[in-house]
file target_10.txt (compact mmCIF, C-alpha atoms and all ligand atoms)
# COMPACT_ATOMS: atom_id res chain seq x y z
CA MET A 206 -21.09 28.91 14.07
CA SER A 207 -23.63 26.43 15.47
CA ASP A 208 -22.49 23.08 16.80
CA ALA A 209 -24.40 20.94 14.34
CA PRO A 210 -22.39 21.51 11.12
CA GLN A 211 -19.16 21.20 13.08
CA GLU A 212 -20.29 17.79 14.36
CA ASN A 213 -21.24 16.76 10.86
CA ARG A 214 -17.85 17.66 9.53
CA LEU A 215 -16.16 15.63 12.24
CA ALA A 216 -18.41 12.64 11.70
CA GLU A 217 -18.09 12.55 7.93
CA PRO A 218 -14.51 13.21 6.89
CA PHE A 219 -13.95 9.55 6.04
CA ALA A 220 -17.25 8.66 4.38
CA PHE A 221 -16.94 5.79 1.89
CA GLN A 222 -19.49 5.38 -0.87
CA VAL A 223 -19.71 2.40 -3.18
CA HIS A 224 -20.99 3.48 -6.60
CA ALA A 225 -20.90 0.27 -8.63
CA ARG A 226 -20.33 -3.42 -8.08
CA GLN A 227 -19.63 -6.42 -10.20
CA ARG A 228 -19.66 -9.64 -8.18
CA ARG A 229 -17.20 -8.89 -5.32
CA ALA A 230 -15.45 -6.05 -7.16
CA ARG A 231 -16.60 -2.55 -6.35
CA VAL A 232 -15.94 1.07 -7.33
CA GLY A 233 -16.12 3.66 -4.60
CA VAL A 234 -14.96 6.99 -3.22
CA LEU A 235 -13.14 7.36 0.07
CA HIS A 236 -13.30 10.91 1.41
CA THR A 237 -10.39 12.23 3.49
CA PRO A 238 -9.55 15.69 4.87
CA HIS A 239 -7.02 16.04 2.00
CA GLY A 240 -9.24 14.94 -0.85
CA GLU A 241 -10.92 11.92 -2.38
CA VAL A 242 -9.49 8.53 -3.23
CA LEU A 243 -11.31 6.77 -6.05
CA THR A 244 -11.21 3.03 -5.41
CA PRO A 245 -9.89 0.53 -6.33
CA ALA A 246 -6.70 2.54 -5.90
CA PHE A 247 -3.00 1.85 -5.96
CA ALA A 248 -0.93 3.91 -3.49
CA PRO A 249 2.72 4.63 -4.36
CA VAL A 250 5.06 4.21 -1.38
CA GLY A 251 7.10 7.12 -0.06
CA THR A 252 8.98 5.13 2.57
CA ARG A 253 10.88 8.07 4.06
CA ALA A 254 8.41 10.80 3.01
CA SER A 255 9.62 10.58 -0.58
CA VAL A 256 8.49 8.37 -3.44
CA LYS A 257 12.00 7.58 -4.59
CA ALA A 258 13.16 9.58 -7.64
CA ILE A 259 9.70 11.13 -8.16
CA THR A 260 8.53 14.65 -7.28
CA PRO A 261 5.06 15.33 -5.83
CA ALA A 262 4.24 17.24 -9.04
CA GLN A 263 5.08 14.13 -11.07
CA LEU A 264 2.95 11.99 -8.75
CA GLU A 265 0.05 14.33 -9.31
CA GLU A 266 0.55 14.19 -13.06
CA LEU A 267 0.60 10.40 -12.90
CA GLY A 268 -2.82 10.55 -11.23
CA ALA A 269 -1.80 9.20 -7.81
CA SER A 270 -4.38 10.01 -5.14
CA LEU A 271 -3.08 8.30 -1.99
CA VAL A 272 0.57 8.10 -0.93
CA LEU A 273 1.97 5.88 1.80
CA ALA A 274 4.77 6.70 4.23
CA ASN A 275 6.45 4.45 6.80
CA THR A 276 6.19 5.22 10.49
CA TYR A 277 9.23 3.12 11.46
CA HIS A 278 11.57 4.99 9.10
CA LEU A 279 10.27 8.47 9.95
CA TYR A 280 10.31 7.74 13.69
CA LEU A 281 14.03 6.90 13.44
CA ARG A 282 14.89 9.66 10.97
CA PRO A 283 14.20 12.59 11.00
CA GLY A 284 11.90 11.86 14.00
CA ASP A 285 8.15 12.39 14.17
CA GLU A 286 8.53 15.44 16.40
CA LEU A 287 10.56 17.24 13.76
CA VAL A 288 7.93 16.38 11.13
CA ALA A 289 5.23 17.79 13.45
CA GLU A 290 7.31 20.92 13.99
CA MET A 291 7.55 21.34 10.20
CA GLY A 292 3.76 21.29 9.94
CA GLY A 293 3.15 17.54 9.50
CA LEU A 294 3.85 15.18 6.62
CA HIS A 295 1.65 16.91 4.02
CA CYS A 296 3.53 20.15 4.50
CA PHE A 297 6.98 18.59 5.07
CA MET A 298 6.96 16.51 1.86
CA ASN A 299 4.73 18.95 -0.05
CA TRP A 300 2.13 16.30 -0.93
CA HIS A 301 -1.26 17.80 -0.24
CA GLY A 302 -3.35 14.80 -1.22
CA PRO A 303 -4.34 11.94 1.08
CA ILE A 304 -1.54 10.15 2.98
CA LEU A 305 -1.54 6.83 4.82
CA THR A 306 1.05 5.80 7.40
CA ASP A 307 1.61 2.23 8.54
CA SER A 308 2.11 1.47 12.23
CA GLY A 309 5.80 0.60 12.16
CA GLY A 310 5.07 -2.98 13.19
CA TYR A 311 6.00 -4.65 9.92
CA GLN A 312 9.40 -2.89 9.69
CA VAL A 313 10.25 -3.63 13.32
CA PHE A 314 9.75 -7.30 12.56
CA SER A 315 11.58 -7.23 9.22
CA LEU A 316 14.34 -4.57 9.60
CA ALA A 317 15.31 -3.96 13.20
CA ALA A 318 18.70 -5.37 14.15
CA SER A 319 17.41 -7.09 17.28
CA ARG A 320 13.98 -7.07 18.82
CA LYS A 321 12.24 -8.32 21.90
CA ILE A 322 8.48 -8.64 21.80
CA ASP A 323 6.34 -8.68 24.91
CA ASP A 324 2.62 -8.29 25.36
CA ASP A 325 2.99 -4.56 25.86
CA GLY A 326 5.08 -3.80 22.75
CA VAL A 327 8.46 -4.25 21.07
CA THR A 328 11.95 -3.10 22.07
CA PHE A 329 14.42 -3.04 19.20
CA LYS A 330 17.68 -1.63 18.00
CA SER A 331 17.55 0.97 15.24
CA HIS A 332 19.00 -0.37 11.98
CA ILE A 333 20.48 3.11 11.43
CA ASP A 334 22.51 3.84 14.57
CA GLY A 335 21.95 0.82 16.84
CA SER A 336 20.12 2.92 19.46
CA THR A 337 17.52 1.12 21.59
CA ARG A 338 13.95 2.10 20.73
CA ARG A 339 10.52 0.98 21.78
CA LEU A 340 7.18 0.81 20.01
CA THR A 341 3.89 0.08 21.73
CA PRO A 342 0.37 0.65 20.39
CA GLU A 343 0.25 3.97 22.27
CA ILE A 344 3.66 5.11 20.99
CA SER A 345 2.80 4.11 17.40
CA ILE A 346 -0.40 6.17 17.55
CA ALA A 347 1.41 9.14 19.10
CA ILE A 348 4.02 9.01 16.30
CA GLN A 349 1.33 8.72 13.62
CA GLU A 350 -0.52 11.66 15.18
CA ASN A 351 2.68 13.70 14.96
CA LEU A 352 3.18 12.66 11.34
CA GLY A 353 -0.42 13.65 10.62
CA ALA A 354 -1.47 11.28 7.79
CA ASP A 355 -5.16 11.02 6.90
CA ILE A 356 -5.26 7.25 7.39
CA ILE A 357 -3.28 5.62 10.22
CA MET A 358 -2.84 1.95 11.05
CA ALA A 359 -3.18 -0.07 14.23
CA PHE A 360 0.07 -1.52 15.60
CA ASP A 361 0.15 -5.23 14.78
CA GLU A 362 2.41 -8.25 14.79
CA CYS A 363 3.02 -9.89 11.43
CA ALA A 364 3.92 -13.56 11.99
CA PRO A 365 5.55 -15.97 9.49
CA PRO A 366 2.54 -17.14 7.43
CA HIS A 367 2.86 -20.91 7.97
CA ASP A 368 3.67 -21.02 11.71
CA ARG A 369 0.35 -21.77 13.40
CA THR A 370 1.46 -21.45 17.04
CA TYR A 371 3.19 -18.15 16.36
CA ASN A 372 0.15 -16.87 14.44
CA GLU A 373 -2.21 -17.76 17.30
CA ARG A 374 -0.09 -15.82 19.77
CA ALA A 375 0.50 -12.89 17.41
CA LEU A 376 -3.21 -12.66 16.64
CA GLN A 377 -4.06 -12.27 20.30
CA ARG A 378 -1.56 -9.44 20.59
CA THR A 379 -2.70 -7.83 17.35
CA HIS A 380 -6.28 -7.73 18.63
CA THR A 381 -5.43 -6.36 22.08
CA TRP A 382 -3.10 -3.83 20.45
CA ALA A 383 -5.86 -2.70 18.02
CA GLU A 384 -8.13 -1.96 21.00
CA ARG A 385 -5.32 -0.06 22.72
CA CYS A 386 -4.66 1.97 19.53
CA LEU A 387 -8.31 2.93 19.37
CA GLN A 388 -8.20 4.04 23.01
CA ALA A 389 -4.97 5.97 22.54
CA LYS A 390 -6.12 7.84 19.45
CA LYS A 391 -6.85 11.53 20.07
CA ARG A 392 -7.07 13.26 16.67
CA SER A 393 -10.47 13.26 14.99
CA ASP A 394 -9.08 14.15 11.55
CA GLN A 395 -7.36 10.78 11.11
CA ALA A 396 -9.01 7.45 10.28
CA LEU A 397 -7.64 4.43 12.17
CA PHE A 398 -7.76 1.14 10.25
CA GLY A 399 -7.52 -2.19 12.09
CA ILE A 400 -5.41 -4.99 10.62
CA VAL A 401 -6.57 -8.56 10.03
CA GLN A 402 -3.80 -11.13 10.55
CA GLY A 403 -3.83 -14.93 10.85
CA GLY A 404 -1.25 -16.23 8.34
CA VAL A 405 -2.59 -18.83 5.92
CA PHE A 406 -5.07 -20.27 8.44
CA ALA A 407 -8.70 -19.77 7.43
CA ASP A 408 -10.10 -20.09 10.96
CA LEU A 409 -7.60 -17.55 12.36
CA ARG A 410 -8.32 -15.12 9.50
CA GLU A 411 -12.03 -15.56 10.17
CA ASP A 412 -11.62 -14.82 13.90
CA SER A 413 -9.43 -11.86 13.12
CA ALA A 414 -11.81 -10.38 10.52
CA ARG A 415 -14.71 -10.73 12.99
CA PHE A 416 -12.76 -9.09 15.77
CA ILE A 417 -11.50 -6.19 13.64
CA ALA A 418 -15.00 -5.66 12.19
CA SER A 419 -16.42 -5.54 15.74
CA LEU A 420 -14.29 -2.46 16.57
CA GLY A 421 -16.38 -0.32 14.20
CA LEU A 422 -13.34 1.38 12.65
CA PRO A 423 -13.67 3.39 9.39
CA GLY A 424 -11.66 0.85 7.40
CA SER A 425 -10.03 -2.56 7.53
CA ALA A 426 -6.60 -3.68 6.40
CA ILE A 427 -5.47 -7.17 5.51
CA GLY A 428 -1.90 -7.72 6.65
CA GLY A 429 0.58 -10.57 6.61
CA LEU A 430 0.05 -11.49 2.96
CA SER A 431 2.60 -11.55 0.16
CA VAL A 432 5.18 -12.46 2.80
CA GLY A 433 6.14 -15.92 1.53
CA GLU A 434 2.85 -17.75 1.01
CA SER A 435 1.62 -18.90 -2.43
CA LYS A 436 -0.74 -16.84 -4.61
CA ALA A 437 -3.41 -19.52 -4.12
CA GLU A 438 -3.06 -19.20 -0.33
CA MET A 439 -3.34 -15.42 -0.56
CA ASP A 440 -6.46 -15.65 -2.74
CA ALA A 441 -8.07 -18.12 -0.31
CA MET A 442 -7.38 -15.85 2.69
CA LEU A 443 -8.80 -12.83 0.83
CA GLU A 444 -12.00 -14.77 0.17
CA VAL A 445 -12.34 -15.69 3.86
CA VAL A 446 -12.01 -12.11 5.07
CA ASP A 447 -14.02 -10.62 2.20
CA ALA A 448 -17.08 -12.52 3.41
CA ILE A 449 -16.79 -11.05 6.91
CA LEU A 450 -15.42 -7.49 6.69
CA PRO A 451 -18.07 -4.74 6.56
CA GLU A 452 -19.19 -4.02 3.00
CA ASP A 453 -19.60 -0.31 3.63
CA LYS A 454 -15.97 0.27 4.69
CA PRO A 455 -12.83 0.28 2.53
CA ARG A 456 -10.54 -2.78 2.59
CA TYR A 457 -6.82 -2.26 2.19
CA LEU A 458 -4.49 -5.10 1.17
CA MET A 459 -1.13 -4.11 2.61
CA GLY A 460 2.13 -4.29 0.67
CA VAL A 461 0.68 -6.06 -2.35
CA GLY A 462 0.89 -4.61 -5.85
CA THR A 463 1.85 -6.48 -8.98
CA PRO A 464 -0.56 -5.97 -11.90
CA GLU A 465 -1.99 -9.47 -11.37
CA ASP A 466 -2.32 -8.88 -7.60
CA LEU A 467 -4.47 -5.83 -8.34
CA VAL A 468 -6.83 -7.74 -10.61
CA ASN A 469 -6.96 -10.73 -8.23
CA GLY A 470 -7.48 -8.53 -5.16
CA VAL A 471 -10.22 -6.43 -6.72
CA ARG A 472 -11.99 -9.65 -7.70
CA ARG A 473 -12.00 -10.51 -4.00
CA GLY A 474 -13.36 -7.21 -2.71
CA VAL A 475 -10.14 -5.23 -2.10
CA ASP A 476 -10.27 -1.43 -2.55
CA LEU A 477 -6.75 -0.20 -1.69
CA PHE A 478 -3.27 -1.49 -2.50
CA ASP A 479 0.27 -0.26 -1.91
CA CYS A 480 3.64 -1.65 -2.90
CA VAL A 481 7.27 -0.55 -3.24
CA LEU A 482 7.65 -2.80 -6.30
CA PRO A 483 7.23 -0.19 -9.10
CA THR A 484 9.91 2.15 -7.72
CA ARG A 485 12.17 -0.64 -6.43
CA LEU A 486 12.15 -2.41 -9.81
CA ALA A 487 12.88 0.92 -11.50
CA ARG A 488 16.06 1.28 -9.45
CA HIS A 489 17.00 -2.22 -10.55
CA ASN A 490 16.58 -1.31 -14.24
CA ALA A 491 13.33 -3.22 -14.70
CA ALA A 492 10.19 -1.96 -16.42
CA MET A 493 6.82 -3.41 -15.38
CA THR A 494 4.19 -3.95 -18.01
CA ARG A 495 0.88 -5.77 -17.77
CA ARG A 496 2.40 -8.57 -19.78
CA GLY A 497 5.64 -8.99 -17.87
CA ARG A 498 8.94 -7.29 -17.08
CA LEU A 499 11.79 -6.00 -19.24
CA ASN A 500 15.28 -5.71 -17.88
CA LEU A 501 16.55 -2.72 -19.78
CA VAL A 502 20.22 -3.35 -19.04
CA ASN A 503 19.96 -6.26 -21.48
CA ALA A 504 22.16 -5.76 -24.57
CA THR A 505 19.25 -6.63 -26.89
CA TYR A 506 17.84 -3.16 -26.17
CA ALA A 507 21.07 -1.30 -27.10
CA SER A 508 19.70 -0.08 -30.44
CA ASP A 509 15.98 -0.68 -29.90
CA PRO A 510 14.11 2.47 -30.99
CA ARG A 511 10.78 1.36 -29.50
CA PRO A 512 9.37 2.67 -26.20
CA ILE A 513 9.17 0.28 -23.22
CA ASP A 514 5.55 -0.47 -24.09
CA GLU A 515 3.94 0.71 -27.33
CA ALA A 516 0.52 0.63 -25.67
CA CYS A 517 1.63 2.83 -22.74
CA ALA A 518 0.76 6.54 -22.68
CA CYS A 519 3.17 7.55 -19.88
CA TYR A 520 5.68 10.39 -20.26
CA THR A 521 8.58 7.94 -20.57
CA CYS A 522 6.97 5.85 -23.30
CA ARG A 523 5.79 8.91 -25.23
CA ASN A 524 9.29 10.39 -25.32
CA PHE A 525 12.10 7.88 -24.88
CA SER A 526 13.38 4.74 -26.57
CA ARG A 527 14.55 1.53 -24.94
CA ALA A 528 17.99 2.34 -26.39
CA TYR A 529 18.12 5.69 -24.57
CA LEU A 530 16.92 4.20 -21.28
CA ARG A 531 19.54 1.45 -21.54
CA HIS A 532 22.19 4.09 -22.24
CA LEU A 533 21.16 6.01 -19.06
CA ILE A 534 21.41 2.81 -17.03
CA VAL A 535 24.81 1.82 -18.42
CA ALA A 536 26.12 5.39 -17.95
CA LYS A 537 24.67 5.39 -14.39
CA GLU A 538 22.60 8.51 -15.05
CA MET A 539 20.07 9.23 -12.26
CA LEU A 540 17.39 10.06 -14.81
CA SER A 541 16.93 6.34 -15.51
CA ALA A 542 15.41 5.83 -12.03
CA THR A 543 12.98 8.71 -12.58
CA LEU A 544 11.91 7.65 -16.08
CA LEU A 545 11.50 3.98 -15.13
CA SER A 546 9.67 4.85 -11.89
CA MET A 547 7.26 7.07 -13.85
CA HIS A 548 6.54 4.25 -16.27
CA ASN A 549 6.14 1.61 -13.55
CA LEU A 550 3.87 3.78 -11.41
CA HIS A 551 1.83 4.66 -14.49
CA THR A 552 1.39 0.94 -15.24
CA LEU A 553 -0.31 0.35 -11.87
CA LEU A 554 -2.18 3.65 -11.61
CA ASP A 555 -3.51 3.23 -15.13
CA LEU A 556 -4.50 -0.36 -14.44
CA ALA A 557 -6.47 0.83 -11.39
CA ARG A 558 -8.20 3.45 -13.59
CA GLU A 559 -9.14 0.81 -16.15
CA ILE A 560 -10.38 -1.53 -13.45
CA ARG A 561 -12.63 1.23 -12.07
CA ARG A 562 -13.96 1.93 -15.56
CA ALA A 563 -14.61 -1.76 -16.23
CA ILE A 564 -16.50 -2.26 -12.95
CA THR A 565 -18.59 0.85 -13.65
CA ASP A 566 -19.38 -0.43 -17.15
CA GLY A 567 -20.12 -3.93 -15.87
CA THR A 568 -17.30 -5.42 -17.96
CA PHE A 569 -14.78 -6.19 -15.20
CA GLU A 570 -15.03 -9.98 -15.46
CA ASP A 571 -14.30 -9.82 -19.22
CA PHE A 572 -11.49 -7.40 -18.53
CA ALA A 573 -9.97 -9.73 -15.92
CA GLY A 574 -10.33 -12.76 -18.22
CA GLN A 575 -8.59 -10.95 -21.05
CA PHE A 576 -5.89 -9.64 -18.71
CA PHE A 577 -4.89 -13.16 -17.65
CA GLU A 578 -5.20 -14.55 -21.18
CA GLU A 579 -2.75 -11.95 -22.50
CA LYS A 580 -0.40 -12.61 -19.61
CA GLU A 581 -0.45 -16.34 -20.30
CA GLY A 582 0.53 -15.76 -23.92
CA ILE A 583 3.67 -13.74 -23.27
CA ARG A 584 6.11 -14.68 -20.53
CA ASP A 585 9.04 -12.52 -21.55
CA ILE A 586 9.01 -9.49 -23.75
ZN ZN B 601 5.21 3.82 -20.13

call {"tool": "encode", "arguments": {"input": "target_10.txt", "output": "structure tokens"}}
result
Amino acid sequence: MSDAPQENRLAEPFAFQVHARQRRARVGVLHTPHGEVLTPAFAPVGTRASVKAITPAQLEELGASLVLANTYHLYLRPGDELVAEMGGLHCFMNWHGPILTDSGGYQVFSLAASRKIDDDGVTFKSHIDGSTRRLTPEISIAIQENLGADIIMAFDECAPPHDRTYNERALQRTHTWAERCLQAKKRSDQALFGIVQGGVFADLREDSARFIASLGLPGSAIGGLSVGESKAEMDAMLEVVDAILPEDKPRYLMGVGTPEDLVNGVRRGVDLFDCVLPTRLARHNAAMTRRGRLNLVNATYASDPRPIDEACACYTCRNFSRAYLRHLIVAKEMLSATLLSMHNLHTLLDLAREIRRAITDGTFEDFAGQFFEEKEGIRDI
């Protein structure tokens, strides 16, 4: 085999093509070594290499393309070396589509029992067994290389959104750490995304977007949002970074994923979303619909023969009544988590499909207008 095609393959595994635009919204295709992701896309979260209560076959049937897994959790249990030994995440969890891992930074800051940050990295106690662990940019990349996802994230520090001094310091670290991640990275079949931080401060977000864009990475992530700031603040920050981040690379809004967040984010140039909300709500007996949430444990559903959402084409809504779902919940049957997770994931995956269709047809602004109008009309269903 000559060298040229080999080089081409290495250079192009993460090509991103934008096929249609409407104002800031765009439809594109992100290529990865494990298949394509049509954007805008919603990625279900498989925190510990499992999307809770859902099999990979069900994920495929739901039309998921990209699945997220958490570095922090897998590093602590079962350990990234074991995952590597078992052939990497795709093989271990039997999901052969694209996978994204985060850097572990966010969980260290939100879950670890105690942590000490220095400019080199973070030392923390495992929330599972109290053992002392350390993450640095180099260690995070080494773990993510062992896990073997298609898209990996730079190690960053997510600061409380309204603390300016903290954000200034954290931003400095985040930028230095992104450079170190890029240097540490060895595998050519993984795309490293840098993360824009800066809390709710437009000038910090601007600096951060410029810096991350300057690294020439194959994609950009927007972190530190949906962590306690208002929706208006989030929208404003998205607009700041949207104007700066490279147009020809995918933008990933981390940890954000209500139906309205998807529509709002896409309007501001976001291509990828992920969120635990659909599966977490399902385990708390709540069904997400575009118009609001239903808590199915409510006695009003005890003899309700209707599906969760008459307009929904998911497996759950085609086959089961609210009364049956409520019965499963009350009887503590595990199937309720599966059926509700399927419906909730379908709600977001189907919304992403409709958004892509509307942008392609040039009707996205009408679609978004109608989406919010309908939401306004019905608070509780
Ligand atoms: Zn449904």

call {"tool": "residues_near_ligand", "arguments": {"input": "target_10.txt", "ligand": "ligand ZN 601 (chain B)", "cutoff": "8 Å", "atoms": "all atoms listed in the file", "output": "NGL selection string"}}
result
:A and (512-523 or 547-549 or 551-552)

call {"tool": "closest_residue", "arguments": {"input": "target_10.txt", "among": "A:Leu533, A:Ala383, A:Ile348, A:Ala441", "to": "A:Val288", "atoms": "only C-alpha atoms"}}
result
A:Ile348

call {"tool": "closest_atom_pairs", "arguments": {"input": "target_10.txt", "of": "stretch 436-484 of chain A", "to": "stretch 352-373 of chain A", "cutoff": "12 Å", "atoms": "only C-alpha atoms", "output": "JSON lines"}}
result
{"residue": "A:Glu438", "atom": "CA", "partner": "A:Pro366", "partner_atom": "CA", "distance": 9.8}
{"residue": "A:Met439", "atom": "CA", "partner": "A:Pro366", "partner_atom": "CA", "distance": 10.1}
{"residue": "A:Met442", "atom": "CA", "partner": "A:Pro366", "partner_atom": "CA", "distance": 11.1}
{"residue": "A:Pro455", "atom": "CA", "partner": "A:Ile356", "partner_atom": "CA", "distance": 11.4}
{"residue": "A:Tyr457", "atom": "CA", "partner": "A:Met358", "partner_atom": "CA", "distance": 10.6}
{"residue": "A:Met459", "atom": "CA", "partner": "A:Met358", "partner_atom": "CA", "distance": 10.5}
{"residue": "A:Leu477", "atom": "CA", "partner": "A:Ile356", "partner_atom": "CA", "distance": 11.8}

call {"tool": "closest_residue", "arguments": {"input": "target_10.txt", "among": "A:Asp412, A:Ser308, A:Val272, A:Leu279", "to": "A:Val242", "atoms": "only C-alpha atoms"}}
result
A:Val272

call {"tool": "closest_residue", "arguments": {"input": "target_10.txt", "among": "A:Arg338, A:Arg488, A:Lys391, A:Arg496", "to": "A:Glu538", "atoms": "only C-alpha atoms"}}
result
A:Arg488

call {"tool": "decode", "arguments": {"input": "target_10.txt", "residues": "stretch 221-271 of chain A", "atoms": "C-alpha atoms", "output": "tab-separated table (two decimals), in the first residue's frame"}}
result
chain	number	residue	atom	x	y	z
A	221	PHE	CA	-17.10	17.92	9.29
A	222	GLN	CA	-19.28	19.12	6.45
A	223	VAL	CA	-22.03	21.70	6.78
A	224	HIS	CA	-24.82	20.96	4.29
A	225	ALA	CA	-27.42	23.63	5.06
A	226	ARG	CA	-27.74	26.75	7.15
A	227	GLN	CA	-30.51	28.96	8.35
A	228	ARG	CA	-29.21	32.05	10.13
A	229	ARG	CA	-26.85	30.58	12.79
A	230	ALA	CA	-28.42	27.11	12.71
A	231	ARG	CA	-26.71	24.52	10.57
A	232	VAL	CA	-27.07	20.91	9.46
A	233	GLY	CA	-23.91	18.90	9.06
A	234	VAL	CA	-22.18	15.53	9.15
A	235	LEU	CA	-19.35	14.72	11.52
A	236	HIS	CA	-17.33	11.71	10.37
A	237	THR	CA	-15.70	9.47	12.98
A	238	PRO	CA	-13.88	6.13	12.75
A	239	HIS	CA	-17.09	4.47	14.04
A	240	GLY	CA	-19.56	6.15	11.73
A	241	GLU	CA	-21.26	9.45	11.01
A	242	VAL	CA	-23.05	11.81	13.35
A	243	LEU	CA	-25.71	13.91	11.66
A	244	THR	CA	-25.86	17.29	13.38
A	245	PRO	CA	-27.51	18.90	15.26
A	246	ALA	CA	-27.38	15.76	17.41
A	247	PHE	CA	-28.37	14.79	20.91
A	248	ALA	CA	-26.04	12.27	22.60
A	249	PRO	CA	-27.51	9.98	25.29
A	250	VAL	CA	-25.24	9.64	28.33
A	251	GLY	CA	-23.84	6.27	29.35
A	252	THR	CA	-22.12	7.49	32.51
A	253	ARG	CA	-20.51	4.17	33.44
A	254	ALA	CA	-20.45	2.68	29.92
A	255	SER	CA	-24.19	2.03	30.07
A	256	VAL	CA	-27.12	4.24	29.15
A	257	LYS	CA	-29.13	3.35	32.23
A	258	ALA	CA	-31.90	0.78	31.62
A	259	ILE	CA	-31.35	0.82	27.83
A	260	THR	CA	-29.56	-1.77	25.68
A	261	PRO	CA	-27.30	-0.77	22.77
A	262	ALA	CA	-29.82	-2.43	20.41
A	263	GLN	CA	-32.56	-0.17	21.80
A	264	LEU	CA	-30.30	2.87	21.41
A	265	GLU	CA	-29.76	1.96	17.79
A	266	GLU	CA	-33.48	1.53	17.25
A	267	LEU	CA	-34.08	4.94	18.82
A	268	GLY	CA	-31.73	6.42	16.22
A	269	ALA	CA	-28.94	7.50	18.58
A	270	SER	CA	-25.68	8.12	16.74
A	271	LEU	CA	-23.28	9.38	19.41
